[in-house]
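*Asks:* To be precise about what I am sending: the file is called model-v9.cif and holds mmCIF, C-alpha atoms and all ligand atoms.
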```
data_entry
#
loop_
_atom_site.label_atom_id
_atom_site.label_comp_id
_atom_site.auth_asym_id
_atom_site.auth_seq_id
_atom_site.Cartn_x
_atom_site.Cartn_y
_atom_site.Cartn_z
CA MET A 14 9.21 -24.84 -13.75
CA LYS A 15 9.59 -24.34 -10.03
CA LYS A 16 8.53 -20.98 -8.72
CA THR A 17 11.16 -18.63 -7.36
CA VAL A 18 10.53 -17.20 -3.93
CA PHE A 19 12.33 -14.12 -2.63
CA SER A 20 12.12 -12.57 0.77
CA GLY A 21 14.28 -10.37 2.92
CA MET A 22 14.76 -9.11 6.45
CA ARG A 23 16.49 -6.00 7.70
CA PRO A 24 19.41 -6.67 10.04
CA THR A 25 18.40 -4.10 12.62
CA GLY A 26 18.55 -6.16 15.81
CA LYS A 27 17.95 -9.47 17.49
CA LEU A 28 15.34 -11.76 16.02
CA HIS A 29 12.37 -12.58 18.21
CA LEU A 30 9.36 -14.90 18.30
CA GLY A 31 7.45 -12.59 15.97
CA HIS A 32 10.04 -13.13 13.24
CA LEU A 33 9.85 -16.86 13.80
CA VAL A 34 6.09 -17.32 13.56
CA GLY A 35 5.50 -14.36 11.26
CA ALA A 36 8.16 -15.20 8.69
CA LEU A 37 10.83 -17.81 9.28
CA ASN A 38 8.55 -20.81 9.87
CA ASN A 39 6.82 -19.95 6.62
CA TRP A 40 10.12 -19.61 4.75
CA ILE A 41 11.26 -22.96 6.11
CA ASP A 42 8.18 -24.69 4.67
CA LEU A 43 8.54 -22.93 1.33
CA GLN A 44 12.10 -24.08 0.79
CA ASN A 45 10.91 -27.64 0.18
CA LYS A 46 8.61 -26.61 -2.63
CA TYR A 47 10.28 -23.70 -4.37
CA ASP A 48 13.63 -22.23 -5.28
CA CYS A 49 14.06 -19.84 -2.40
CA ILE A 50 16.33 -16.84 -2.09
CA PHE A 51 16.56 -15.10 1.25
CA GLY A 52 18.37 -11.80 1.56
CA ILE A 53 19.72 -10.04 4.61
CA VAL A 54 18.85 -6.60 3.33
CA ASP A 55 21.47 -4.36 4.86
CA TRP A 56 20.93 -1.40 2.52
CA HIS A 57 17.35 -1.30 3.73
CA ALA A 58 18.64 -1.33 7.29
CA LEU A 59 20.95 1.59 6.50
CA MET A 60 18.10 3.62 5.01
CA GLY A 61 16.43 3.80 8.39
CA GLU A 62 19.36 3.45 10.75
CA TYR A 63 22.15 5.31 8.99
CA GLU A 64 23.26 6.78 12.29
CA GLN A 65 23.73 3.36 13.93
CA SER A 66 25.49 1.88 10.92
CA LYS A 67 28.20 0.22 13.01
CA GLU A 68 25.68 -2.19 14.48
CA ILE A 69 24.63 -3.56 11.12
CA LYS A 70 27.60 -5.89 10.62
CA GLU A 71 27.07 -7.66 13.94
CA ASN A 72 23.34 -7.88 13.19
CA ILE A 73 24.03 -9.51 9.82
CA ILE A 74 26.00 -12.37 11.32
CA ASP A 75 23.46 -12.72 14.13
CA MET A 76 20.66 -12.90 11.61
CA ALA A 77 22.40 -15.54 9.53
CA ILE A 78 22.95 -17.59 12.69
CA ASP A 79 19.29 -17.28 13.66
CA TRP A 80 18.08 -18.26 10.21
CA VAL A 81 20.22 -21.37 10.06
CA ALA A 82 19.44 -22.31 13.66
CA CYS A 83 15.72 -22.11 12.92
CA GLY A 84 15.97 -24.36 9.89
CA ILE A 85 16.83 -22.35 6.81
CA ASP A 86 18.80 -24.93 4.86
CA VAL A 87 21.62 -23.39 2.85
CA SER A 88 21.91 -26.48 0.69
CA LYS A 89 18.35 -25.81 -0.54
CA SER A 90 18.03 -22.04 -0.38
CA ILE A 91 20.27 -19.15 -1.30
CA VAL A 92 21.11 -17.04 1.73
CA PHE A 93 23.10 -13.89 1.11
CA VAL A 94 23.69 -10.27 2.08
CA GLN A 95 22.11 -7.64 -0.18
CA SER A 96 25.12 -5.30 -0.26
CA HIS A 97 27.38 -8.15 -1.39
CA VAL A 98 25.49 -8.22 -4.70
CA PRO A 99 25.78 -4.70 -6.12
CA GLU A 100 23.37 -5.57 -8.94
CA HIS A 101 20.56 -4.74 -6.50
CA LEU A 102 21.62 -1.11 -6.75
CA GLU A 103 21.84 -1.21 -10.52
CA LEU A 104 18.28 -2.40 -10.79
CA GLN A 105 17.18 0.11 -8.16
CA MET A 106 18.72 2.84 -10.32
CA ILE A 107 16.84 1.64 -13.37
CA PHE A 108 13.55 1.41 -11.50
CA SER A 109 14.05 4.80 -9.90
CA CYS A 110 14.08 6.35 -13.38
CA ILE A 111 10.59 5.05 -14.12
CA THR A 112 8.92 5.27 -10.71
CA PRO A 113 6.71 8.34 -10.36
CA LEU A 114 7.34 10.31 -7.18
CA GLY A 115 3.64 10.32 -6.40
CA TRP A 116 3.60 6.54 -6.01
CA LEU A 117 6.27 6.78 -3.34
CA GLU A 118 4.80 9.78 -1.58
CA ARG A 119 1.42 8.07 -1.36
CA ASN A 120 2.89 4.80 0.01
CA PRO A 121 0.97 4.20 3.25
CA ILE A 122 3.94 2.50 4.92
CA TYR A 123 6.10 5.55 4.25
CA LYS A 124 3.47 7.94 5.54
CA GLU A 125 2.95 5.91 8.70
CA GLN A 126 6.66 5.70 9.41
CA LEU A 127 7.17 9.42 8.98
CA ARG A 128 4.31 9.95 11.41
CA GLU A 129 5.32 7.36 13.99
CA ILE A 130 9.10 7.42 14.07
CA LYS A 131 10.32 10.57 15.71
CA SER A 132 13.72 9.39 16.95
CA ARG A 133 15.32 9.48 13.50
CA ASP A 134 15.12 11.83 10.56
CA LEU A 135 13.56 9.79 7.78
CA GLN A 136 12.97 12.70 5.42
CA THR A 137 15.64 11.49 3.05
CA TYR A 138 15.83 10.71 -0.61
CA GLY A 139 16.93 7.15 0.15
CA PHE A 140 14.12 6.36 2.54
CA LEU A 141 11.47 7.60 0.14
CA GLY A 142 12.89 5.13 -2.37
CA TYR A 143 12.78 2.17 0.02
CA PRO A 144 10.15 0.28 -2.01
CA VAL A 145 12.09 0.85 -5.24
CA LEU A 146 15.02 -1.10 -3.82
CA GLN A 147 12.61 -3.72 -2.50
CA ALA A 148 11.14 -4.12 -6.00
CA ALA A 149 14.68 -4.51 -7.32
CA ASP A 150 15.41 -7.21 -4.71
CA ILE A 151 12.49 -9.26 -5.90
CA LEU A 152 12.70 -8.71 -9.64
CA LEU A 153 16.46 -9.12 -9.91
CA TYR A 154 15.75 -12.82 -9.37
CA LYS A 155 12.48 -12.72 -11.33
CA ALA A 156 10.77 -14.05 -8.23
CA ASN A 157 7.09 -14.94 -8.61
CA ALA A 158 6.23 -15.18 -4.96
CA VAL A 159 7.15 -13.10 -1.95
CA PRO A 160 6.34 -14.31 1.56
CA ILE A 161 5.68 -11.28 3.74
CA GLY A 162 3.51 -10.05 6.56
CA GLU A 163 0.31 -8.26 5.73
CA ASP A 164 1.82 -4.92 6.71
CA GLN A 165 4.20 -5.17 3.73
CA LEU A 166 1.45 -5.58 1.12
CA PRO A 167 1.68 -2.00 -0.18
CA HIS A 168 5.35 -2.61 -1.03
CA ILE A 169 4.52 -5.69 -3.08
CA GLU A 170 1.77 -3.76 -4.83
CA LEU A 171 4.33 -1.08 -5.69
CA ALA A 172 6.74 -3.68 -7.04
CA ARG A 173 3.99 -4.98 -9.29
CA GLU A 174 3.19 -1.49 -10.51
CA ILE A 175 6.85 -0.83 -11.23
CA LEU A 176 7.23 -4.05 -13.21
CA ARG A 177 4.10 -3.30 -15.22
CA ARG A 178 5.35 0.18 -15.97
CA PHE A 179 8.71 -1.23 -17.01
CA ASN A 180 7.07 -3.73 -19.37
CA HIS A 181 4.83 -0.98 -20.74
CA ILE A 182 7.53 1.64 -21.33
CA TYR A 183 9.97 -0.78 -22.95
CA LYS A 184 7.26 -2.73 -24.78
CA THR A 185 8.39 -6.02 -23.37
CA ASN A 186 7.18 -8.81 -21.17
CA PHE A 187 10.51 -9.11 -19.47
CA PHE A 188 9.01 -9.33 -15.99
CA ASN A 189 6.28 -11.73 -15.02
CA ASP A 190 3.87 -10.71 -12.33
CA CYS A 191 4.69 -11.54 -8.74
CA GLU A 192 2.43 -12.12 -5.77
CA ALA A 193 2.60 -11.97 -2.02
CA ILE A 194 2.37 -15.12 0.07
CA LEU A 195 0.83 -14.12 3.38
CA THR A 196 1.67 -15.90 6.59
CA LYS A 197 -1.27 -17.87 7.95
CA MET A 198 -0.35 -17.29 11.58
CA PRO A 199 -2.22 -14.55 13.40
CA ARG A 200 0.01 -11.67 14.35
CA LEU A 201 1.76 -12.28 17.63
CA LEU A 202 1.69 -9.28 19.94
CA GLY A 203 4.48 -8.29 22.30
CA LEU A 204 4.59 -9.33 25.94
CA ASP A 205 2.84 -6.10 26.93
CA GLY A 206 0.11 -6.45 24.33
CA ARG A 207 1.52 -3.76 22.05
CA LYS A 208 3.01 -4.46 18.63
CA MET A 209 6.09 -6.67 19.04
CA SER A 210 9.11 -4.53 18.44
CA LYS A 211 12.68 -4.21 19.56
CA SER A 212 12.13 -0.56 20.41
CA TYR A 213 9.42 -1.52 22.93
CA GLN A 214 11.62 -4.26 24.43
CA ASN A 215 8.57 -6.47 24.63
CA ALA A 216 9.75 -9.58 22.83
CA VAL A 217 11.22 -12.97 23.61
CA ASN A 218 14.34 -13.15 21.46
CA LEU A 219 15.38 -16.37 19.73
CA GLY A 220 18.71 -16.26 21.54
CA ASP A 221 17.30 -15.63 25.05
CA SER A 222 18.37 -18.04 27.78
CA GLU A 223 15.86 -20.29 29.49
CA LYS A 224 15.97 -18.01 32.51
CA GLU A 225 15.35 -14.88 30.44
CA ILE A 226 12.42 -16.49 28.63
CA LYS A 227 10.75 -17.54 31.85
CA SER A 228 11.23 -14.21 33.57
CA LYS A 229 9.90 -12.32 30.54
CA VAL A 230 6.82 -14.54 30.32
CA LYS A 231 6.16 -14.05 34.03
CA LYS A 232 5.76 -10.32 33.40
CA MET A 233 3.33 -10.70 30.50
CA PHE A 234 0.14 -8.66 30.56
CA THR A 235 -3.00 -10.77 31.04
CA ASP A 236 -6.76 -10.25 30.86
CA PRO A 237 -7.18 -6.86 32.54
CA LYS A 238 -10.66 -7.85 33.75
CA ARG A 239 -9.34 -10.75 35.79
CA ILE A 240 -8.22 -9.06 38.95
CA LYS A 241 -8.65 -11.63 41.70
CA PHE A 242 -7.80 -15.30 41.45
CA THR A 243 -11.49 -16.15 41.77
CA ASP A 244 -12.54 -13.91 38.87
CA PRO A 245 -13.14 -15.94 35.73
CA GLY A 246 -10.87 -14.88 32.89
CA HIS A 247 -11.62 -14.05 29.25
CA PRO A 248 -9.22 -16.03 27.08
CA ASP A 249 -10.14 -14.06 23.97
CA GLU A 250 -8.96 -10.89 25.60
CA CYS A 251 -5.76 -12.32 26.96
CA ASN A 252 -2.47 -12.14 25.14
CA VAL A 253 -1.11 -15.12 27.09
CA HIS A 254 -3.88 -17.20 25.59
CA MET A 255 -2.82 -16.09 22.13
CA TYR A 256 0.66 -17.44 22.82
CA TYR A 257 -0.84 -20.79 23.80
CA GLU A 258 -2.75 -20.80 20.53
CA VAL A 259 0.44 -20.34 18.56
CA PHE A 260 2.93 -22.44 20.53
CA ALA A 261 0.75 -25.12 22.14
CA PRO A 262 -2.48 -25.35 20.13
CA ALA A 263 -3.24 -28.75 21.65
CA LYS A 264 -3.50 -27.17 25.09
CA LYS A 265 -5.91 -24.44 24.08
CA LYS A 266 -9.04 -26.21 25.36
CA GLU A 267 -7.47 -26.96 28.69
CA VAL A 268 -6.37 -23.36 29.12
CA ASP A 269 -9.86 -22.13 28.23
CA GLU A 270 -11.22 -24.36 30.99
CA TRP A 271 -8.88 -23.34 33.76
CA CYS A 272 -9.20 -19.70 32.80
CA THR A 273 -12.97 -19.32 32.43
CA LYS A 274 -13.63 -21.48 35.49
CA ALA A 275 -10.97 -19.72 37.54
CA GLN A 276 -9.25 -23.00 38.36
CA LYS A 277 -5.75 -21.71 37.83
CA GLY A 278 -4.39 -18.24 38.44
CA CYS A 279 -2.62 -16.17 35.81
CA THR A 280 0.73 -16.65 37.51
CA GLU A 281 0.52 -20.41 37.13
CA CYS A 282 -0.87 -20.10 33.61
CA LYS A 283 2.12 -17.98 32.65
CA SER A 284 4.59 -20.21 34.37
CA ILE A 285 3.36 -23.18 32.29
CA LEU A 286 3.63 -21.05 29.15
CA GLY A 287 7.17 -20.08 30.14
CA ASP A 288 8.13 -23.77 30.25
CA ILE A 289 6.49 -24.38 26.88
CA LEU A 290 8.34 -21.50 25.22
CA ALA A 291 11.66 -22.45 26.78
CA ASP A 292 11.22 -26.00 25.42
CA TYR A 293 10.10 -24.71 22.04
CA LEU A 294 13.20 -22.56 21.70
CA ALA A 295 15.66 -25.04 23.23
CA PRO A 296 16.74 -26.73 19.98
CA ILE A 297 17.15 -23.35 18.28
CA ARG A 298 19.19 -22.06 21.20
CA GLU A 299 21.48 -25.08 21.14
CA LYS A 300 22.06 -24.81 17.41
CA ARG A 301 22.70 -21.10 17.84
CA THR A 302 25.33 -21.62 20.51
CA GLU A 303 27.07 -24.11 18.28
CA LEU A 304 27.01 -21.84 15.21
CA GLU A 305 28.24 -18.87 17.20
CA LYS A 306 31.49 -20.67 17.87
CA ASP A 307 32.44 -20.62 14.20
CA LYS A 308 31.59 -17.25 12.70
CA ASP A 309 34.07 -17.77 9.86
CA ARG A 310 31.91 -20.62 8.69
CA ILE A 311 28.89 -18.28 8.67
CA TRP A 312 30.76 -15.74 6.52
CA ASP A 313 31.67 -18.62 4.19
CA ILE A 314 28.01 -19.61 3.92
CA LEU A 315 27.11 -16.02 3.09
CA ASP A 316 29.82 -15.88 0.46
CA GLU A 317 28.58 -19.09 -1.16
CA GLY A 318 25.13 -17.51 -1.18
CA ARG A 319 26.53 -14.35 -2.74
CA GLN A 320 28.09 -16.33 -5.57
CA LYS A 321 24.85 -18.12 -6.38
CA ALA A 322 22.75 -14.97 -6.12
CA GLN A 323 25.15 -12.90 -8.16
CA LYS A 324 25.16 -15.38 -11.01
CA ILE A 325 21.41 -14.89 -11.44
CA ALA A 326 21.60 -11.17 -10.79
CA ARG A 327 24.33 -10.54 -13.37
CA LYS A 328 22.32 -12.33 -16.02
CA THR A 329 19.20 -10.27 -15.29
CA ILE A 330 21.12 -7.00 -15.48
CA THR A 331 22.76 -7.96 -18.77
CA GLU A 332 19.39 -8.89 -20.26
CA ILE A 333 17.69 -5.81 -18.94
CA LYS A 334 20.28 -3.50 -20.43
CA GLU A 335 19.58 -5.09 -23.78
CA VAL A 336 15.92 -4.32 -23.35
CA ILE A 337 16.54 -0.71 -22.37
CA PHE A 338 19.43 0.41 -24.56
N1 LIG A 401 10.70 -4.31 3.67
C1 LIG A 401 10.78 -5.65 4.17
C2 LIG A 401 10.45 -5.63 5.67
O1 LIG A 401 10.68 -4.66 6.34
C3 LIG A 401 12.16 -6.24 3.98
C4 LIG A 401 12.47 -6.48 2.54
C5 LIG A 401 13.39 -5.83 1.78
C6 LIG A 401 11.85 -7.42 1.69
N2 LIG A 401 13.43 -6.34 0.53
C7 LIG A 401 12.49 -7.32 0.44
C8 LIG A 401 10.82 -8.35 1.88
C9 LIG A 401 12.09 -8.08 -0.65
C10 LIG A 401 10.42 -9.12 0.80
C11 LIG A 401 11.07 -9.00 -0.45
O2 LIG A 401 9.97 -6.62 6.18
FE1 LIG A 402 -4.82 -15.21 30.54
FE2 LIG A 402 -4.12 -17.57 31.53
FE3 LIG A 402 -4.88 -15.56 33.14
FE4 LIG A 402 -6.66 -16.75 31.58
S1 LIG A 402 -5.52 -17.69 33.25
S2 LIG A 402 -6.44 -14.54 31.89
S3 LIG A 402 -5.44 -17.22 29.77
S4 LIG A 402 -3.07 -15.64 31.86
#
```
As structure tokens, please, write out the structure in this file.
Ligand code: TRP
Ligand code: SF4
*Replies:*
Amino acid sequence: MKKTVFSGMRPTGKLHLGHLVGALNNWIDLQNKYDCIFGIVDWHALMGEYEQSKEIKENIIDMAIDWVACGIDVSKSIVFVQSHVPEHLELQMIFSCITPLGWLERNPIYKEQLREIKSRDLQTYGFLGYPVLQAADILLYKANAVPIGEDQLPHIELAREILRRFNHIYKTNFFNDCEAILTKMPRLLGLDGRKMSKSYQNAVNLGDSEKEIKSKVKKMFTDPKRIKFTDPGHPDECNVHMYYEVFAPAKKKEVDEWCTKAQKGCTECKSILGDILADYLAPIREKRTELEKDKDRIWDILDEGRQKAQKIARKTITEIKEVIF
């Protein structure tokens, strides 16, 4: 039996290079080996951004366009919108009955977000239950494997604890264990060296024009110790170098040379990187422009995905009710 893979992304804004190397490229590989289900998790977006709810719809269509443009193949994988399959909420309800509050209150992701995010009030019942809905997303399709970034590991651990508790309470082995599949790529930092995030505006977006890409790369932070052209640089301490490693690994040696021997200045080094990134994203950009012309077709794709997802979801809910009641 082929494994089932589930993963999701919140439609909270434009997708950037971090999403591509941190998640999408991995998903694209997985779809050749496994039955993959990819959800645009709009309820999760609403939990955090309930005051900007009007933006979510536009973000959903944008996300679907990005996914397909990058190579998510809807003839192989199921691509759908979480809120179109209400069974997610049914399973969330069931799981919320058996999930101890302490597990959620101790969730390190939750604690960090309450600490870090000051612009929105996240002290809500819904937001505390974020990982319960995430567990429902995964287990509704009995997925065995969940590709995620390392930062999401506590949520997968919680999903596993919830499924074990379910099996224990109802004396069943209804749910098999699931595991995280971590992305091999090192984490790509933003252009300014901080965490890549839309709120920092420090990312190259997948839909950026060639001009935008090049001008953003020009402003990237470099090795702070290399002040004059003649100072040798330290590639290991330079974020630009990291981008070379990810997007042009074959050039890494050459860059090391020109950097440590001060043969090229940072401006030139960045200008070459700008060309590389613009070329890397060109096919995605072209596909994007084409897809954007026919948004009805995108909604059709999402509806086909909904039908396939819902068929599985309905069956799980029916079975689970038999286990519980
Ligand atoms: N919490 C995940 C994130 O922010 C998104 C997500 C929601 C998810 N449901 C999921 C990821 C199920 C994997 C599986 O990245
Ligand atoms: Fe970084 Fe390139 Fe400058 Fe070296 S030459 S410090 S790798 S930008």
*Asks:* If you count all atoms listed in the file, which residues fall within 8 Å of A:Asp190, apart from same-chain ones fewer than 6 positions away, as number ranges by chain?
*Replies:* A: 157, 173, 176-177
*Asks:* Residues at most 9 Å from A:Leu294, counting all atoms listed in the file, excluding those fewer than 2 positions away in the same chain, as a tab-separated table (two decimals) with C-alpha atoms, in the coordinates of the input?
*Replies:*
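Done, and the output landed in around_27.tsv:
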```tsv
chain	number	residue	atom	x	y	z
A	219	LEU	CA	15.38	-16.37	19.73
A	220	GLY	CA	18.71	-16.26	21.54
A	221	ASP	CA	17.30	-15.63	25.05
A	223	GLU	CA	15.86	-20.29	29.49
A	289	ILE	CA	6.49	-24.38	26.88
A	290	LEU	CA	8.34	-21.50	25.22
A	291	ALA	CA	11.66	-22.45	26.78
A	292	ASP	CA	11.22	-26.00	25.42
A	296	PRO	CA	16.74	-26.73	19.98
A	297	ILE	CA	17.15	-23.35	18.28
A	298	ARG	CA	19.19	-22.06	21.20
A	299	GLU	CA	21.48	-25.08	21.14
```
*Asks:* Residues up to 9 Å from ligand LIG 401 (chain A), counting all atoms listed in the file: could you list those as a PyMOL selection string?
*Replies:* chain A and resi 18-23+51-58+95+143-144+146-151+159-162+164-165+168-169+193
*Asks:* Step by step, measure atom-to-atom distances between ligand LIG 402 (chain A) and each residue using all atoms listed in the file, keep those at most 12 Å, then write them as a PyMOL selection string.
*Replies:* chain A and resi 204+206+230-258+264-287
*Asks:* Pick from A:Lys306, A:Lys15, A:Lys70, A:His29: nearest to A:Leu201, with all atoms listed in the file counted?
*Replies:*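 Nearest to A:Leu201: A:His29.
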*Asks:* Go ahead and compute the interatomic distance for atom CA of A:His97 and atom CA of A:Ala158, in Å to one decimal.
*Replies:* 22.6 Å
*Asks:* Between atom CA of A:Asp75 and atom CA of A:Phe93, what distance in Å does the model show, to one decimal?
*Replies:*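 Answer for the atom CA of A:Asp75 to atom CA of A:Phe93 separation: 13.1 Å.
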*Asks:* Mind giving me the straight-line distance from atom CA of A:Ile69 to atom CA of A:Thr25 in Å, one decimal?
*Replies:* 6.4 Å
*Asks:* Mind giving me the axis-aligned box for stretch 149-161 of chain A with 8 Å on every side, centre plus edges in Å to one decimal, as lines of an AutoDock Vina configuration file?
*Replies:*
```
center_x = 11.1
center_y = -9.8
center_z = -3.8
size_x = 26.8
size_y = 26.7
size_z = 31.1
```
*Asks:* With all atoms listed in the file counted, which protein, DNA or RNA residues have an atom no more than 12 Å from (18.8, 7.9, -1.8) in the file frame? Please answer as a VMD selection string.
*Replies:* chain A and resid 56 to 57 59 to 61 63 102 105 to 106 109 135 to 146
*Asks:* If we count all atoms listed in the file, what is near stretch 77-86 of chain A at a cut-off of 6 Å, once residues fewer than 4 positions away on the same chain are taken out, given as a list in words?
*Replies:*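 Using all atoms listed in the file, the neighbours found are Ile41, Ile297, Lys300 and Arg301 of chain A.
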*Asks:* Quick one: of A:Ile74, A:Met198, A:Asn186, A:Glu225, who's nearest to A:Val259, counting all atoms listed in the file?
*Replies:*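 Smallest distance to A:Val259 is found for A:Met198.
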*Asks:* Using all atoms listed in the file, which residue out of A:Leu171, A:Ile73, A:Ile50, A:Leu117 lies closest to A:Lys27?
*Replies:*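 When distances to A:Lys27 are compared using all atoms listed in the file, the smallest one comes from A:Ile73.
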*Asks:* Can you complete the atoms of stretch 88-101 of chain A to N, CA, C and O atoms and list them as a PDB file, in the coordinates of the input?
*Replies:*
```pdb
ATOM      1  N   SER A  88      21.680 -25.609   1.839  1.00  0.00           N
ATOM      2  CA  SER A  88      21.910 -26.480   0.690  1.00  0.00           C
ATOM      3  C   SER A  88      20.681 -26.438  -0.232  1.00  0.00           C
ATOM      4  O   SER A  88      20.746 -26.834  -1.396  1.00  0.00           O
ATOM      5  N   LYS A  89      19.562 -25.920   0.299  1.00  0.00           N
ATOM      6  CA  LYS A  89      18.350 -25.810  -0.540  1.00  0.00           C
ATOM      7  C   LYS A  89      18.149 -24.365  -1.001  1.00  0.00           C
ATOM      8  O   LYS A  89      17.721 -24.115  -2.120  1.00  0.00           O
ATOM      9  N   SER A  90      18.375 -23.428  -0.105  1.00  0.00           N
ATOM     10  CA  SER A  90      18.030 -22.040  -0.380  1.00  0.00           C
ATOM     11  C   SER A  90      19.289 -21.186  -0.484  1.00  0.00           C
ATOM     12  O   SER A  90      20.315 -21.517   0.107  1.00  0.00           O
ATOM     13  N   ILE A  91      19.163 -20.105  -1.219  1.00  0.00           N
ATOM     14  CA  ILE A  91      20.270 -19.150  -1.300  1.00  0.00           C
ATOM     15  C   ILE A  91      20.108 -18.126  -0.176  1.00  0.00           C
ATOM     16  O   ILE A  91      19.063 -17.487  -0.066  1.00  0.00           O
ATOM     17  N   VAL A  92      21.123 -18.019   0.642  1.00  0.00           N
ATOM     18  CA  VAL A  92      21.110 -17.040   1.730  1.00  0.00           C
ATOM     19  C   VAL A  92      22.285 -16.103   1.521  1.00  0.00           C
ATOM     20  O   VAL A  92      23.434 -16.549   1.400  1.00  0.00           O
ATOM     21  N   PHE A  93      22.016 -14.818   1.429  1.00  0.00           N
ATOM     22  CA  PHE A  93      23.100 -13.890   1.110  1.00  0.00           C
ATOM     23  C   PHE A  93      22.817 -12.506   1.687  1.00  0.00           C
ATOM     24  O   PHE A  93      21.718 -12.241   2.179  1.00  0.00           O
ATOM     25  N   VAL A  94      23.809 -11.644   1.587  1.00  0.00           N
ATOM     26  CA  VAL A  94      23.690 -10.270   2.080  1.00  0.00           C
ATOM     27  C   VAL A  94      23.502  -9.329   0.884  1.00  0.00           C
ATOM     28  O   VAL A  94      24.305  -9.341  -0.054  1.00  0.00           O
ATOM     29  N   GLN A  95      22.465  -8.543   0.938  1.00  0.00           N
ATOM     30  CA  GLN A  95      22.110  -7.640  -0.180  1.00  0.00           C
ATOM     31  C   GLN A  95      23.288  -6.815  -0.692  1.00  0.00           C
ATOM     32  O   GLN A  95      23.527  -6.743  -1.894  1.00  0.00           O
ATOM     33  N   SER A  96      24.051  -6.201   0.196  1.00  0.00           N
ATOM     34  CA  SER A  96      25.120  -5.300  -0.260  1.00  0.00           C
ATOM     35  C   SER A  96      26.283  -6.068  -0.898  1.00  0.00           C
ATOM     36  O   SER A  96      27.147  -5.463  -1.528  1.00  0.00           O
ATOM     37  N   HIS A  97      26.324  -7.372  -0.743  1.00  0.00           N
ATOM     38  CA  HIS A  97      27.380  -8.150  -1.390  1.00  0.00           C
ATOM     39  C   HIS A  97      27.094  -8.367  -2.874  1.00  0.00           C
ATOM     40  O   HIS A  97      27.950  -8.835  -3.611  1.00  0.00           O
ATOM     41  N   VAL A  98      25.876  -8.065  -3.285  1.00  0.00           N
ATOM     42  CA  VAL A  98      25.490  -8.220  -4.700  1.00  0.00           C
ATOM     43  C   VAL A  98      25.089  -6.845  -5.223  1.00  0.00           C
ATOM     44  O   VAL A  98      23.927  -6.442  -5.133  1.00  0.00           O
ATOM     45  N   PRO A  99      26.063  -6.089  -5.757  1.00  0.00           N
ATOM     46  CA  PRO A  99      25.780  -4.700  -6.120  1.00  0.00           C
ATOM     47  C   PRO A  99      24.730  -4.544  -7.219  1.00  0.00           C
ATOM     48  O   PRO A  99      24.196  -3.441  -7.403  1.00  0.00           O
ATOM     49  N   GLU A 100      24.409  -5.632  -7.888  1.00  0.00           N
ATOM     50  CA  GLU A 100      23.370  -5.570  -8.940  1.00  0.00           C
ATOM     51  C   GLU A 100      22.031  -5.075  -8.385  1.00  0.00           C
ATOM     52  O   GLU A 100      21.209  -4.530  -9.134  1.00  0.00           O
ATOM     53  N   HIS A 101      21.799  -5.261  -7.095  1.00  0.00           N
ATOM     54  CA  HIS A 101      20.560  -4.740  -6.500  1.00  0.00           C
ATOM     55  C   HIS A 101      20.467  -3.234  -6.733  1.00  0.00           C
ATOM     56  O   HIS A 101      19.399  -2.696  -7.011  1.00  0.00           O
TER      57      HIS A 101
END
```
